[in-house]
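*Asks:* Let me begin by handing over the structure; questions about it come next.
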Amino acid sequence: MMPLFSGPCPVCGEKELLADPVLWPDLINAWQLSEDETAYINRQQGLHCKSCHNNLRAMGLSTAILREIGFYGTLKQFCESFSDIRILEINTAGNLTSFFKSLPSHKLIEYPQFDMLNLDIESESFDLVIHSDTLEHVPNPERALSECRRVLRKNGKCIFTVPIIVDRMTRSRVGLAPSYHGQSGVPADDQVVCSEFGADIWQTVLKAGFCSCEIFSFEYPAALVLIARK
Ligand SMILES: [Zn+2]
């Protein structure tokens, strides 16, 4: 058994973590989650840093990014290091945006001004493309990833998270009752779930044209990060 993550926060260095359950009964039922799966998704989305409020998935994403860059320190320290790395962030990735903003070549684009299926961005213009829990809301995730690939320079990487239920295969929610992320009782159109990802997520990455797909485990199975290399 891998030990559970207990801090400090890889984003800001804070030692104290807090836990809030975030799933509600309607979402658990629509997603058909077992007790175990409910527990690890609650950890992924609800365990968070007391200081910067980033949750376990955002902490995992930060750690994967720092590891790929080869930086030993917190994300905050990296973002204050005057690196000229070109990062494209698609929709705000947790509470990471306020840190990324310190980087001179960081660009944030958001739905609906930017359509992930057809990015209004020049090809081969970024070193990293980052997104967090966005792909499951996009009608064609393979097309969205191929757009991420297009805007990456050679050897660039798309580093992202989606909620993954590790013991099942991906299923489309097309034709099923609408399921929403976000908050209980607040259905928002951009929060409707199109795909529930499972153990075959790597296929979507490779079909989009990436040459490799690494699954980085920050904490298994609650915090997995996909690293797709162009
Ligand atoms: Zn923090």
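Here, A, B, ... name the chains of the structure tokens in the order displayed, residue numbers run from 1 inside each chain, and ligands are numbered from 1 in the same displayed order.
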For Arg173 (chain A), find every residue with an atom within 7 Å (counting only C-alpha atoms), except residues of its own chain fewer than 4 positions away, and show them as a VMD selection string.
*Replies:* chain A and resid 193 to 195
*Asks:* Go ahead and save the residues from that selection, with C-alpha atoms, as a PDB file, in the first residue's frame.
*Replies:*
```pdb
ATOM      1  CA  VAL A 193     -20.145  15.662 -17.812  1.00  0.00           C
ATOM      2  CA  CYS A 194     -19.575  14.196 -21.297  1.00  0.00           C
ATOM      3  CA  SER A 195     -17.131  11.393 -20.394  1.00  0.00           C
TER       4      SER A 195
END
```
*Asks:* At a cut-off of 9 Å, using only C-alpha atoms, what residues contact Glu68 (chain A)? Leave out same-chain residues fewer than 3 positions from it and give the result as a ChimeraX atom specification.
*Replies:* /A:63-65,71,157,227
*Asks:* In Å to one decimal, how far is CA of Asp36 (chain A) from CA of Leu206 (chain A)?
*Replies:*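 Answer for the CA of Leu206 (chain A) to CA of Asp36 (chain A) separation: 29.0 Å.
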*Asks:* Tell me, as a ChimeraX atom specification, which residues lie within 12 Å of Val174 (chain A), counting only C-alpha atoms; anything in the same chain fewer than 4 positions away does not count.
*Replies:* /A:136-140,178-179,192-196
*Asks:* Mind writing the picked residues with N, CA and C atoms as an mmCIF file, in the first residue's frame?
*Replies:*
```cif
data_model
loop_
_atom_site.group_PDB
_atom_site.id
_atom_site.type_symbol
_atom_site.label_atom_id
_atom_site.label_comp_id
_atom_site.auth_asym_id
_atom_site.auth_seq_id
_atom_site.Cartn_x
_atom_site.Cartn_y
_atom_site.Cartn_z
ATOM 1 N N GLU A 136 -13.293 16.101 -19.218
ATOM 2 C CA GLU A 136 -14.528 15.316 -19.089
ATOM 3 C C GLU A 136 -15.768 16.131 -19.453
ATOM 4 N N HIS A 137 -15.593 17.455 -19.603
ATOM 5 C CA HIS A 137 -16.735 18.305 -19.962
ATOM 6 C C HIS A 137 -16.750 18.647 -21.453
ATOM 7 N N VAL A 138 -15.802 18.111 -22.208
ATOM 8 C CA VAL A 138 -15.668 18.450 -23.623
ATOM 9 C C VAL A 138 -16.281 17.319 -24.449
ATOM 10 N N PRO A 139 -17.128 17.650 -25.449
ATOM 11 C CA PRO A 139 -17.817 16.590 -26.202
ATOM 12 C C PRO A 139 -16.878 15.636 -26.944
ATOM 13 N N ASN A 140 -15.707 16.119 -27.362
ATOM 14 C CA ASN A 140 -14.785 15.252 -28.109
ATOM 15 C C ASN A 140 -13.379 15.363 -27.501
ATOM 16 N N PRO A 178 -28.303 13.710 -17.656
ATOM 17 C CA PRO A 178 -27.197 14.649 -17.452
ATOM 18 C C PRO A 178 -26.644 14.581 -16.033
ATOM 19 N N SER A 179 -25.318 14.589 -15.936
ATOM 20 C CA SER A 179 -24.640 14.584 -14.643
ATOM 21 C C SER A 179 -23.759 15.825 -14.622
ATOM 22 N N VAL A 192 -21.568 20.148 -17.249
ATOM 23 C CA VAL A 192 -22.170 18.862 -17.597
ATOM 24 C C VAL A 192 -21.060 17.889 -18.009
ATOM 25 N N VAL A 193 -21.191 16.656 -17.564
ATOM 26 C CA VAL A 193 -20.145 15.662 -17.812
ATOM 27 C C VAL A 193 -20.418 14.928 -19.118
ATOM 28 N N CYS A 194 -19.428 14.915 -20.022
ATOM 29 C CA CYS A 194 -19.575 14.196 -21.297
ATOM 30 C C CYS A 194 -18.929 12.818 -21.217
ATOM 31 N N SER A 195 -17.823 12.682 -20.496
ATOM 32 C CA SER A 195 -17.131 11.393 -20.394
ATOM 33 C C SER A 195 -16.796 11.092 -18.943
ATOM 34 N N GLU A 196 -16.951 9.831 -18.572
ATOM 35 C CA GLU A 196 -16.462 9.361 -17.278
ATOM 36 C C GLU A 196 -15.241 8.502 -17.580
#
```
*Asks:* Using only C-alpha atoms, determine which residues lie at most 12 Å from Lys15 (chain A), disregarding the query and same-chain residues fewer than 2 positions distant; provide the list as a VMD selection string.
*Replies:* chain A and resid 5 to 13 17 to 18 48 to 52
*Asks:* Which residues are close to His106 (chain A), i.e. within 8 Å by only C-alpha atoms, leaving aside same-chain residues fewer than 5 positions away? Reply as a short mmCIF file (atom, residue, chain, number, x, y, z; two decimals) with N, CA and C atoms, in the first residue's frame.
*Replies:*
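Output file around_38.cif is given in full below:
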```cif
data_model
loop_
_atom_site.label_atom_id
_atom_site.label_comp_id
_atom_site.auth_asym_id
_atom_site.auth_seq_id
_atom_site.Cartn_x
_atom_site.Cartn_y
_atom_site.Cartn_z
N ILE A 85 9.70 29.70 -19.38
CA ILE A 85 8.92 28.59 -19.93
C ILE A 85 7.55 29.11 -20.38
N ARG A 86 7.13 28.62 -21.55
CA ARG A 86 5.85 29.09 -22.11
C ARG A 86 4.76 28.09 -21.74
N ILE A 87 3.89 28.52 -20.81
CA ILE A 87 2.81 27.65 -20.32
C ILE A 87 1.46 28.16 -20.78
N LEU A 88 0.71 27.28 -21.41
CA LEU A 88 -0.68 27.59 -21.74
C LEU A 88 -1.58 26.87 -20.74
N GLU A 89 -2.38 27.61 -20.01
CA GLU A 89 -3.31 27.02 -19.05
C GLU A 89 -4.72 27.14 -19.63
N PHE A 100 0.88 30.71 -11.32
CA PHE A 100 1.37 30.74 -12.71
C PHE A 100 1.49 32.16 -13.24
N LYS A 101 0.61 33.05 -12.75
CA LYS A 101 0.58 34.44 -13.25
C LYS A 101 1.90 35.16 -13.09
#
```
*Asks:* Could you tell me how far CA of Thr92 (chain A) sits from CA of Gly46 (chain A), in Å to one decimal place?
*Replies:*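 So the answer is 17.0 Å.
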*Asks:* Env of Ser62 (chain A): 12 Å cut, atoms = only C-alpha atoms, seq-sep filter 6 positions within chain, self excluded. Answer as an MDAnalysis selection string.
*Replies:* chainID A and resid 9:13 54:56 68:79 93:97 99:100 130:132 159:161 216 218 223:227
*Asks:* Using only C-alpha atoms, can you tell me which of A:Ile109, A:Ala19, A:Leu176, A:Cys211 comes closest to Ile121 (chain A)?
*Replies:*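 Of A:Ile109, A:Ala19, A:Leu176, A:Cys211, the one nearest Ile121 (chain A) is A:Ile109, counting only C-alpha atoms.
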*Asks:* Hey, what's within 12 Å of Phe197 (chain A) if we count only C-alpha atoms and toss same-chain stuff fewer than 4 positions away? As number ranges by chain, please?
*Replies:* A: 31, 133-137, 141, 161-173, 193, 201-205, 224
*Asks:* The selected residues should be written to file as a PDB file, in the first residue's frame (atoms: C-alpha atoms).
*Replies:*
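Produced file part.pdb, reproduced below:
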```
ATOM      1  CA  TRP A  31     -21.568   8.148 -11.557  1.00  0.00           C
ATOM      2  CA  ASP A 133     -10.687  18.417 -14.756  1.00  0.00           C
ATOM      3  CA  THR A 134     -11.742  20.045 -18.021  1.00  0.00           C
ATOM      4  CA  LEU A 135     -11.552  17.210 -20.537  1.00  0.00           C
ATOM      5  CA  GLU A 136     -14.528  15.316 -19.089  1.00  0.00           C
ATOM      6  CA  HIS A 137     -16.735  18.305 -19.962  1.00  0.00           C
ATOM      7  CA  PRO A 141     -11.817  14.724 -25.736  1.00  0.00           C
ATOM      8  CA  THR A 161      -5.888  15.698 -14.710  1.00  0.00           C
ATOM      9  CA  VAL A 162      -9.335  14.189 -15.165  1.00  0.00           C
ATOM     10  CA  PRO A 163     -11.260  12.235 -12.549  1.00  0.00           C
ATOM     11  CA  ILE A 164     -10.336   8.601 -13.252  1.00  0.00           C
ATOM     12  CA  ILE A 165     -12.179   5.598 -11.869  1.00  0.00           C
ATOM     13  CA  VAL A 166      -9.326   3.133 -12.091  1.00  0.00           C
ATOM     14  CA  ASP A 167     -11.303  -0.127 -11.987  1.00  0.00           C
ATOM     15  CA  ARG A 168     -13.502   0.529 -14.991  1.00  0.00           C
ATOM     16  CA  MET A 169     -13.318   1.628 -18.612  1.00  0.00           C
ATOM     17  CA  THR A 170     -14.214   5.061 -19.941  1.00  0.00           C
ATOM     18  CA  ARG A 171     -17.856   5.608 -20.747  1.00  0.00           C
ATOM     19  CA  SER A 172     -19.590   8.399 -22.618  1.00  0.00           C
ATOM     20  CA  ARG A 173     -22.579   9.974 -20.872  1.00  0.00           C
ATOM     21  CA  VAL A 193     -20.145  15.662 -17.812  1.00  0.00           C
ATOM     22  CA  ILE A 201      -7.624   7.023 -20.611  1.00  0.00           C
ATOM     23  CA  TRP A 202      -4.191   6.470 -22.207  1.00  0.00           C
ATOM     24  CA  GLN A 203      -5.915   5.450 -25.457  1.00  0.00           C
ATOM     25  CA  THR A 204      -7.500   8.899 -25.807  1.00  0.00           C
ATOM     26  CA  VAL A 205      -4.052  10.478 -25.365  1.00  0.00           C
ATOM     27  CA  LEU A 224      -3.207  10.597 -10.878  1.00  0.00           C
TER      28      LEU A 224
END
```
*Asks:* Pick the closest to ligand 1 from A:Gly156, A:Gln32, A:Gln44, A:Ala58: which is it, counting only C-alpha atoms and all ligand atoms?
*Replies:*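 Selected residue with least distance to ligand 1: A:Ala58.
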*Asks:* What is the CA of Tyr180 (chain A)-CA of Leu23 (chain A) distance in Å, reported with one decimal?
*Replies:*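 Separating CA of Tyr180 (chain A) from CA of Leu23 (chain A) is a distance of 10.9 Å.
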*Asks:* When distances are computed from only C-alpha atoms and all ligand atoms, which of A:Gln191, A:Ser123, A:Ser217, A:Ser98 shows the smallest separation from ligand 1?
*Replies:*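 Closest candidate: A:Ser98.
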*Asks:* Please give the complete set of residues from region 19-63 of chain A that DSSP, run on the backbone, assigns to alpha helix (DSSP H), formatted as a PyMOL selection string.
*Replies:* chain A and resi 25-31+35-46+56-63
*Asks:* Write out, as a PDB file, in the first residue's frame, the residues just selected, with N, CA and C atoms.
*Replies:*
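The resulting file, selection.pdb, is shown below:
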```pdb
ATOM      1  N   PRO A  25     -25.094  12.949  -2.985  1.00  0.00           N
ATOM      2  CA  PRO A  25     -25.743  11.688  -3.364  1.00  0.00           C
ATOM      3  C   PRO A  25     -26.144  11.579  -4.842  1.00  0.00           C
ATOM      4  N   ASP A  26     -26.709  12.640  -5.433  1.00  0.00           N
ATOM      5  CA  ASP A  26     -27.131  12.546  -6.845  1.00  0.00           C
ATOM      6  C   ASP A  26     -25.955  12.271  -7.770  1.00  0.00           C
ATOM      7  N   LEU A  27     -24.823  12.925  -7.489  1.00  0.00           N
ATOM      8  CA  LEU A  27     -23.645  12.732  -8.345  1.00  0.00           C
ATOM      9  C   LEU A  27     -23.065  11.324  -8.141  1.00  0.00           C
ATOM     10  N   ILE A  28     -23.027  10.882  -6.892  1.00  0.00           N
ATOM     11  CA  ILE A  28     -22.517   9.537  -6.593  1.00  0.00           C
ATOM     12  C   ILE A  28     -23.374   8.481  -7.306  1.00  0.00           C
ATOM     13  N   ASN A  29     -24.682   8.685  -7.316  1.00  0.00           N
ATOM     14  CA  ASN A  29     -25.588   7.740  -7.985  1.00  0.00           C
ATOM     15  C   ASN A  29     -25.434   7.774  -9.499  1.00  0.00           C
ATOM     16  N   ALA A  30     -25.380   8.978 -10.070  1.00  0.00           N
ATOM     17  CA  ALA A  30     -25.261   9.083 -11.530  1.00  0.00           C
ATOM     18  C   ALA A  30     -23.950   8.453 -12.001  1.00  0.00           C
ATOM     19  N   TRP A  31     -22.916   8.623 -11.222  1.00  0.00           N
ATOM     20  CA  TRP A  31     -21.568   8.148 -11.557  1.00  0.00           C
ATOM     21  C   TRP A  31     -21.438   6.670 -11.175  1.00  0.00           C
ATOM     22  N   GLU A  35     -18.398   2.664  -2.533  1.00  0.00           N
ATOM     23  CA  GLU A  35     -17.989   3.389  -1.328  1.00  0.00           C
ATOM     24  C   GLU A  35     -16.502   3.789  -1.401  1.00  0.00           C
ATOM     25  N   ASP A  36     -15.718   2.847  -1.881  1.00  0.00           N
ATOM     26  CA  ASP A  36     -14.289   3.054  -2.061  1.00  0.00           C
ATOM     27  C   ASP A  36     -13.988   4.190  -3.026  1.00  0.00           C
ATOM     28  N   GLU A  37     -14.675   4.133  -4.159  1.00  0.00           N
ATOM     29  CA  GLU A  37     -14.472   5.149  -5.206  1.00  0.00           C
ATOM     30  C   GLU A  37     -14.924   6.517  -4.706  1.00  0.00           C
ATOM     31  N   THR A  38     -16.030   6.541  -3.979  1.00  0.00           N
ATOM     32  CA  THR A  38     -16.506   7.799  -3.402  1.00  0.00           C
ATOM     33  C   THR A  38     -15.444   8.380  -2.472  1.00  0.00           C
ATOM     34  N   ALA A  39     -14.825   7.503  -1.694  1.00  0.00           N
ATOM     35  CA  ALA A  39     -13.813   7.967  -0.731  1.00  0.00           C
ATOM     36  C   ALA A  39     -12.606   8.564  -1.451  1.00  0.00           C
ATOM     37  N   TYR A  40     -12.142   7.916  -2.523  1.00  0.00           N
ATOM     38  CA  TYR A  40     -10.933   8.473  -3.143  1.00  0.00           C
ATOM     39  C   TYR A  40     -11.223   9.696  -4.011  1.00  0.00           C
ATOM     40  N   ILE A  41     -12.429   9.785  -4.568  1.00  0.00           N
ATOM     41  CA  ILE A  41     -12.765  11.014  -5.312  1.00  0.00           C
ATOM     42  C   ILE A  41     -12.960  12.178  -4.316  1.00  0.00           C
ATOM     43  N   ASN A  42     -13.543  11.903  -3.165  1.00  0.00           N
ATOM     44  CA  ASN A  42     -13.658  12.950  -2.139  1.00  0.00           C
ATOM     45  C   ASN A  42     -12.285  13.447  -1.699  1.00  0.00           C
ATOM     46  N   ARG A  43     -11.344  12.536  -1.585  1.00  0.00           N
ATOM     47  CA  ARG A  43      -9.973  12.920  -1.225  1.00  0.00           C
ATOM     48  C   ARG A  43      -9.342  13.777  -2.325  1.00  0.00           C
ATOM     49  N   GLN A  44      -9.518  13.316  -3.568  1.00  0.00           N
ATOM     50  CA  GLN A  44      -8.957  14.012  -4.727  1.00  0.00           C
ATOM     51  C   GLN A  44      -9.462  15.471  -4.816  1.00  0.00           C
ATOM     52  N   GLN A  45     -10.739  15.633  -4.570  1.00  0.00           N
ATOM     53  CA  GLN A  45     -11.341  16.951  -4.792  1.00  0.00           C
ATOM     54  C   GLN A  45     -11.452  17.768  -3.504  1.00  0.00           C
ATOM     55  N   GLY A  46     -11.482  17.087  -2.349  1.00  0.00           N
ATOM     56  CA  GLY A  46     -11.804  17.795  -1.111  1.00  0.00           C
ATOM     57  C   GLY A  46     -10.653  17.999  -0.140  1.00  0.00           C
ATOM     58  N   LEU A  56      -6.048  18.035  -3.568  1.00  0.00           N
ATOM     59  CA  LEU A  56      -5.075  16.967  -3.830  1.00  0.00           C
ATOM     60  C   LEU A  56      -4.762  16.848  -5.324  1.00  0.00           C
ATOM     61  N   ARG A  57      -5.790  16.988  -6.179  1.00  0.00           N
ATOM     62  CA  ARG A  57      -5.526  16.868  -7.616  1.00  0.00           C
ATOM     63  C   ARG A  57      -4.631  17.989  -8.113  1.00  0.00           C
ATOM     64  N   ALA A  58      -4.835  19.223  -7.606  1.00  0.00           N
ATOM     65  CA  ALA A  58      -3.992  20.357  -8.014  1.00  0.00           C
ATOM     66  C   ALA A  58      -2.574  20.189  -7.466  1.00  0.00           C
ATOM     67  N   MET A  59      -2.472  19.605  -6.271  1.00  0.00           N
ATOM     68  CA  MET A  59      -1.139  19.349  -5.704  1.00  0.00           C
ATOM     69  C   MET A  59      -0.414  18.293  -6.540  1.00  0.00           C
ATOM     70  N   GLY A  60      -1.158  17.275  -6.981  1.00  0.00           N
ATOM     71  CA  GLY A  60      -0.570  16.240  -7.835  1.00  0.00           C
ATOM     72  C   GLY A  60      -0.113  16.839  -9.159  1.00  0.00           C
ATOM     73  N   LEU A  61      -0.956  17.687  -9.726  1.00  0.00           N
ATOM     74  CA  LEU A  61      -0.630  18.332 -11.001  1.00  0.00           C
ATOM     75  C   LEU A  61       0.637  19.183 -10.849  1.00  0.00           C
ATOM     76  N   SER A  62       0.720  19.956  -9.777  1.00  0.00           N
ATOM     77  CA  SER A  62       1.915  20.781  -9.525  1.00  0.00           C
ATOM     78  C   SER A  62       3.163  19.929  -9.423  1.00  0.00           C
ATOM     79  N   THR A  63       3.039  18.830  -8.692  1.00  0.00           N
ATOM     80  CA  THR A  63       4.202  17.970  -8.493  1.00  0.00           C
ATOM     81  C   THR A  63       4.661  17.366  -9.819  1.00  0.00           C
TER      82      THR A  63
END
```
*Asks:* As a ChimeraX atom specification, please: every residue in region 40-204 of chain A that a backbone DSSP assignment puts in strand (DSSP E).
*Replies:* /A:47-49,87-90,106-109,126-132,152-161,171-172,195-196
*Asks:* Looking at A:Ile90, A:Leu47, A:Ala222, A:Ala199, which one is nearest to ligand 1, with distances taken over only C-alpha atoms and all ligand atoms?
*Replies:*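 Selected residue with least distance to ligand 1: A:Leu47.
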*Asks:* Of the candidates A:Leu4, A:Gly209, A:Leu66, A:Glu14, which shows the shortest atom-to-atom distance to ligand 1, using only C-alpha atoms and all ligand atoms?
*Replies:* A:Glu14
